Amino acid sequence: MACRSAVHPNSVVCDIPFKGIIDTEIRAYLLNELIKYILYEKSQMPEMFDQLKKHINVRGKNANPKSSNKNDRQAFLLYSSCEKLFGSIVANFQTNPQIQECAIILGSSALSPKEVFHITFPPADSSQHSQKPLSAKDCKRFLFLQIFAKDPFFSGSRLPCTNMHVLLLGPRQLKLTGFSAKPVYKPSKRGQHYYLNLLQDSDPDDDEVSFHPKHNYSHDLSGFEPLMPSKKDDSVLSDLHALNLLDDDDDSQIWYQANISVKGYHITMPKHL
């Protein structure tokens with residue numbers, strides 16, 4: 001996995017090459033798992049999602065958010081919001097394999113981000129690749145082994161409770177379940193930005209996952225430092241487009257925002273009389 005600081009001062013770019021094909025259904029699964037991880041990693045819920053789910057299931061049908069205490073109510077609302085969001089993501093990825101990019105935003109609104117996680121997937125068309133599709137279990141294991149090893153989402157500061165907003169980038173004509181089109185929306189440059197690129201590894205015989213400095217934004221050539229790469233590199237241009245450093249006149253792709261936002265919470269200790 002390559003993990004590096006981008007040219008934007010508040011950005012980190014990480015590439016994770018998968019040695020196989022990531023099917024459309026598995027993309028949705030990985031995105032949902034990343035949402036769970038980010039909620040916990042960024043202190044938006046006090047326990048891992050699976051533990052939260054277990055506690056909700058123990059209470060069962062008696063977990064009435066109107067009659068429970070504040071902690072139980074907030075846990076129930078976060079869990080139910082996530083379940084609805086996850087269902088919409090799975091449905092949309094199954095019917096729209098052309099979706100390749102997602103933005104997970106922590107902040108009061110999508111326009112006022114504290115932290116933004118940009119997730120990109122390789123093209124859905126696997127006809128040009130001789131590699132076999134990967135299983136969901138293998139993809140999840142490999143993804144989080146790399147995340148745990150490099151900790152690319154560490155910013156050094158604890159976020160207060162806020163909202164999570166999820167956006168998908170896709171063709172303008174799409175009709176997505178549980179998402180609303182935002183044709184004029186552009187991700188804000190404010191806040192901390194993380195770019196996680198899930199890639200199709202072009203060299204399946206290379207067993208090492210290591211840093212490869214293939215994205216050099218500047219090169220010292222005989223005393224001259226070009227402002228842009230002298231050779232067209234799709235991966236470099238992709239990063240620069242993501243950081244809003246290049247003008248992009250292609251309006252065929254627009255953002256779709258989930259109708260459901262997830263509100264984080266912290267455990268509130270009862271006040272002693």
# chains A, B, ... in the order shown; residues from 1 in each chain; ligands from 1
$ residues_around --residues "Met48 in chain A" --least-positions-apart "2" --cutoff "12 Å" --atoms "only C-alpha atoms" --output "ChimeraX atom specification"
/A:33-46,50-55,75,79
$ residues_around --residues "Leu174 in chain A" --least-positions-apart "2" --cutoff "12 Å" --atoms "only C-alpha atoms" --output "list of chain:residue names"
A:Asn92, A:Phe93, A:Thr95, A:Asn96, A:Pro97, A:Gln98, A:Ile99, A:Leu168, A:Leu169, A:Gly170, A:Pro171, A:Arg172, A:Leu176, A:Thr177, A:Phe179, A:Ser180, A:Ala181, A:Lys182, A:Pro183, A:Ser252, A:Gln253, A:Ile254, A:Trp255, A:Tyr256
$ closest_residue --among "A:Ile26, A:Val13, A:Cys102, A:Leu77" --to "Ser135 in chain A" --atoms "only C-alpha atoms"
A:Ile26
$ atom_distance --atom1 "CA of Gln257 in chain A" --atom2 "CA of Cys82 in chain A"
14.5 Å
$ closest_residue --among "A:Leu143, A:Lys263, A:Lys137, A:Pro17" --to "Phe76 in chain A" --atoms "only C-alpha atoms"
A:Lys263
$ atom_distance --atom1 "CA of Pro122 in chain A" --atom2 "CA of Ile21 in chain A"
8.7 Å
$ atom_distance --atom1 "CA of Val12 in chain A" --atom2 "CA of Asp251 in chain A"
26.0 Å
$ select_by_dssp --residues "range 12-88 of chain A" --states "helix (DSSP H, G or I)" --output "PyMOL selection string"
chain A and resi 24-41+49-62+70-88
$ write_last_selection --atoms "C-alpha atoms" --output "PDB file, in the first residue's frame"
ATOM      1  CA  THR A  24     -19.836  -4.833  -7.682  1.00  0.00           C
ATOM      2  CA  GLU A  25     -21.542  -6.488  -4.713  1.00  0.00           C
ATOM      3  CA  ILE A  26     -18.247  -6.637  -2.822  1.00  0.00           C
ATOM      4  CA  ARG A  27     -17.661  -2.919  -3.410  1.00  0.00           C
ATOM      5  CA  ALA A  28     -20.885  -2.156  -1.585  1.00  0.00           C
ATOM      6  CA  TYR A  29     -19.853  -4.522   1.195  1.00  0.00           C
ATOM      7  CA  LEU A  30     -16.433  -2.867   1.564  1.00  0.00           C
ATOM      8  CA  LEU A  31     -17.966   0.603   1.551  1.00  0.00           C
ATOM      9  CA  ASN A  32     -20.370  -0.359   4.330  1.00  0.00           C
ATOM     10  CA  GLU A  33     -17.519  -1.854   6.343  1.00  0.00           C
ATOM     11  CA  LEU A  34     -15.494   1.341   5.893  1.00  0.00           C
ATOM     12  CA  ILE A  35     -18.441   3.400   7.134  1.00  0.00           C
ATOM     13  CA  LYS A  36     -18.626   1.251  10.283  1.00  0.00           C
ATOM     14  CA  TYR A  37     -14.888   1.572  10.827  1.00  0.00           C
ATOM     15  CA  ILE A  38     -14.829   5.349  10.309  1.00  0.00           C
ATOM     16  CA  LEU A  39     -17.718   5.872  12.729  1.00  0.00           C
ATOM     17  CA  TYR A  40     -15.795   4.048  15.450  1.00  0.00           C
ATOM     18  CA  GLU A  41     -12.305   5.293  14.540  1.00  0.00           C
ATOM     19  CA  PHE A  49     -20.766  -1.628  15.103  1.00  0.00           C
ATOM     20  CA  ASP A  50     -21.090  -5.388  15.598  1.00  0.00           C
ATOM     21  CA  GLN A  51     -21.085  -4.903  19.371  1.00  0.00           C
ATOM     22  CA  LEU A  52     -23.662  -2.170  19.047  1.00  0.00           C
ATOM     23  CA  LYS A  53     -25.801  -4.462  16.894  1.00  0.00           C
ATOM     24  CA  LYS A  54     -25.546  -7.234  19.486  1.00  0.00           C
ATOM     25  CA  HIS A  55     -26.715  -4.904  22.246  1.00  0.00           C
ATOM     26  CA  ILE A  56     -29.614  -3.664  20.122  1.00  0.00           C
ATOM     27  CA  ASN A  57     -30.654  -7.245  19.353  1.00  0.00           C
ATOM     28  CA  VAL A  58     -30.535  -8.177  23.054  1.00  0.00           C
ATOM     29  CA  ARG A  59     -33.078  -5.476  23.794  1.00  0.00           C
ATOM     30  CA  GLY A  60     -35.051  -6.649  20.772  1.00  0.00           C
ATOM     31  CA  LYS A  61     -38.547  -5.294  20.211  1.00  0.00           C
ATOM     32  CA  ASN A  62     -38.512  -3.659  23.629  1.00  0.00           C
ATOM     33  CA  LYS A  70     -30.558   8.763  26.253  1.00  0.00           C
ATOM     34  CA  ASN A  71     -27.705   6.343  25.543  1.00  0.00           C
ATOM     35  CA  ASP A  72     -30.062   3.586  24.395  1.00  0.00           C
ATOM     36  CA  ARG A  73     -32.045   6.015  22.279  1.00  0.00           C
ATOM     37  CA  GLN A  74     -28.965   7.379  20.522  1.00  0.00           C
ATOM     38  CA  ALA A  75     -27.576   3.874  19.957  1.00  0.00           C
ATOM     39  CA  PHE A  76     -30.865   2.725  18.455  1.00  0.00           C
ATOM     40  CA  LEU A  77     -31.079   5.757  16.145  1.00  0.00           C
ATOM     41  CA  LEU A  78     -27.487   5.327  14.930  1.00  0.00           C
ATOM     42  CA  TYR A  79     -27.984   1.606  14.322  1.00  0.00           C
ATOM     43  CA  SER A  80     -31.306   2.001  12.476  1.00  0.00           C
ATOM     44  CA  SER A  81     -29.920   4.848  10.333  1.00  0.00           C
ATOM     45  CA  CYS A  82     -26.901   2.740   9.366  1.00  0.00           C
ATOM     46  CA  GLU A  83     -29.027  -0.277   8.457  1.00  0.00           C
ATOM     47  CA  LYS A  84     -31.182   1.824   6.119  1.00  0.00           C
ATOM     48  CA  LEU A  85     -28.105   3.463   4.605  1.00  0.00           C
ATOM     49  CA  PHE A  86     -26.348   0.125   4.069  1.00  0.00           C
ATOM     50  CA  GLY A  87     -29.405  -1.290   2.313  1.00  0.00           C
ATOM     51  CA  SER A  88     -29.532   1.671  -0.080  1.00  0.00           C
TER      52      SER A  88
END
$ residues_around --residues "Phe154 in chain A" --least-positions-apart "4" --cutoff "12 Å" --atoms "only C-alpha atoms" --output "list in words"
Asn10, Ser11, Val12, Ile38, Glu41, Lys42, Ser43, Glu115, Phe117, Ile147, Phe148, Ala149, Lys150, Arg158, Leu159, Gln192, His193 and Tyr194 of chain A
$ write_last_selection --atoms "C-alpha atoms" --output "short mmCIF file (atom, residue, chain, number, x, y, z; two decimals), in the first residue's frame"
data_model
loop_
_atom_site.label_atom_id
_atom_site.label_comp_id
_atom_site.auth_asym_id
_atom_site.auth_seq_id
_atom_site.Cartn_x
_atom_site.Cartn_y
_atom_site.Cartn_z
CA ASN A 10 -4.67 18.81 4.61
CA SER A 11 -4.77 15.67 2.50
CA VAL A 12 -3.44 12.13 2.67
CA ILE A 38 -14.83 5.35 10.31
CA GLU A 41 -12.31 5.29 14.54
CA LYS A 42 -13.51 8.90 14.56
CA SER A 43 -15.28 8.56 17.92
CA GLU A 115 -13.14 15.39 7.69
CA PHE A 117 -12.98 10.36 3.14
CA ILE A 147 -5.41 0.18 7.07
CA PHE A 148 -4.31 -1.11 10.47
CA ALA A 149 -0.67 -1.25 9.32
CA LYS A 150 -0.50 2.31 7.98
CA ARG A 158 -10.63 13.75 18.54
CA LEU A 159 -13.76 14.82 16.70
CA GLN A 192 -9.01 17.15 6.65
CA HIS A 193 -9.21 15.05 3.48
CA TYR A 194 -8.29 11.38 3.04
#
$ closest_residue --among "A:Ile260, A:Leu111, A:Ala103, A:Ile267" --to "Tyr185 in chain A" --atoms "only C-alpha atoms"
A:Leu111
$ closest_residue --among "A:Asn69, A:Thr120, A:Gln173, A:Gln146" --to "Leu199 in chain A" --atoms "only C-alpha atoms"
A:Thr120
$ closest_residue --among "A:Lys19, A:His118, A:Arg141, A:Arg190" --to "Val166 in chain A" --atoms "only C-alpha atoms"
A:His118
$ select_by_dssp --residues "range 121-180 of chain A" --states "strand (DSSP E)" --output "JSON, numbers by chain"
{"A": [163, 164, 165, 166, 167, 168, 169, 170, 171, 179, 180]}
$ write_last_selection --atoms "N, CA and C atoms" --output "PDB file, in the first residue's frame"
ATOM      1  N   ASN A 163     -22.366  14.675  12.373  1.00  0.00           N
ATOM      2  CA  ASN A 163     -23.145  13.861  11.445  1.00  0.00           C
ATOM      3  C   ASN A 163     -22.250  13.254  10.381  1.00  0.00           C
ATOM      4  N   MET A 164     -22.656  12.088   9.887  1.00  0.00           N
ATOM      5  CA  MET A 164     -21.985  11.476   8.747  1.00  0.00           C
ATOM      6  C   MET A 164     -22.902  11.544   7.538  1.00  0.00           C
ATOM      7  N   HIS A 165     -22.351  12.039   6.430  1.00  0.00           N
ATOM      8  CA  HIS A 165     -23.091  12.142   5.171  1.00  0.00           C
ATOM      9  C   HIS A 165     -22.359  11.310   4.126  1.00  0.00           C
ATOM     10  N   VAL A 166     -23.099  10.559   3.328  1.00  0.00           N
ATOM     11  CA  VAL A 166     -22.507   9.695   2.310  1.00  0.00           C
ATOM     12  C   VAL A 166     -22.995  10.148   0.944  1.00  0.00           C
ATOM     13  N   LEU A 167     -22.050  10.309   0.020  1.00  0.00           N
ATOM     14  CA  LEU A 167     -22.369  10.709  -1.344  1.00  0.00           C
ATOM     15  C   LEU A 167     -21.734   9.741  -2.327  1.00  0.00           C
ATOM     16  N   LEU A 168     -22.433   9.464  -3.414  1.00  0.00           N
ATOM     17  CA  LEU A 168     -21.934   8.617  -4.490  1.00  0.00           C
ATOM     18  C   LEU A 168     -21.813   9.450  -5.754  1.00  0.00           C
ATOM     19  N   LEU A 169     -20.762   9.206  -6.527  1.00  0.00           N
ATOM     20  CA  LEU A 169     -20.562   9.896  -7.799  1.00  0.00           C
ATOM     21  C   LEU A 169     -20.954   8.963  -8.934  1.00  0.00           C
ATOM     22  N   GLY A 170     -21.827   9.441  -9.811  1.00  0.00           N
ATOM     23  CA  GLY A 170     -22.287   8.602 -10.914  1.00  0.00           C
ATOM     24  C   GLY A 170     -22.811   9.426 -12.069  1.00  0.00           C
ATOM     25  N   PRO A 171     -23.155   8.772 -13.176  1.00  0.00           N
ATOM     26  CA  PRO A 171     -23.706   9.485 -14.333  1.00  0.00           C
ATOM     27  C   PRO A 171     -24.939  10.295 -13.964  1.00  0.00           C
ATOM     28  N   PHE A 179     -31.093   8.021  -2.373  1.00  0.00           N
ATOM     29  CA  PHE A 179     -30.147   9.112  -2.612  1.00  0.00           C
ATOM     30  C   PHE A 179     -30.807  10.173  -3.485  1.00  0.00           C
ATOM     31  N   SER A 180     -30.424  11.429  -3.266  1.00  0.00           N
ATOM     32  CA  SER A 180     -30.942  12.549  -4.050  1.00  0.00           C
ATOM     33  C   SER A 180     -29.819  13.175  -4.855  1.00  0.00           C
TER      34      SER A 180
END
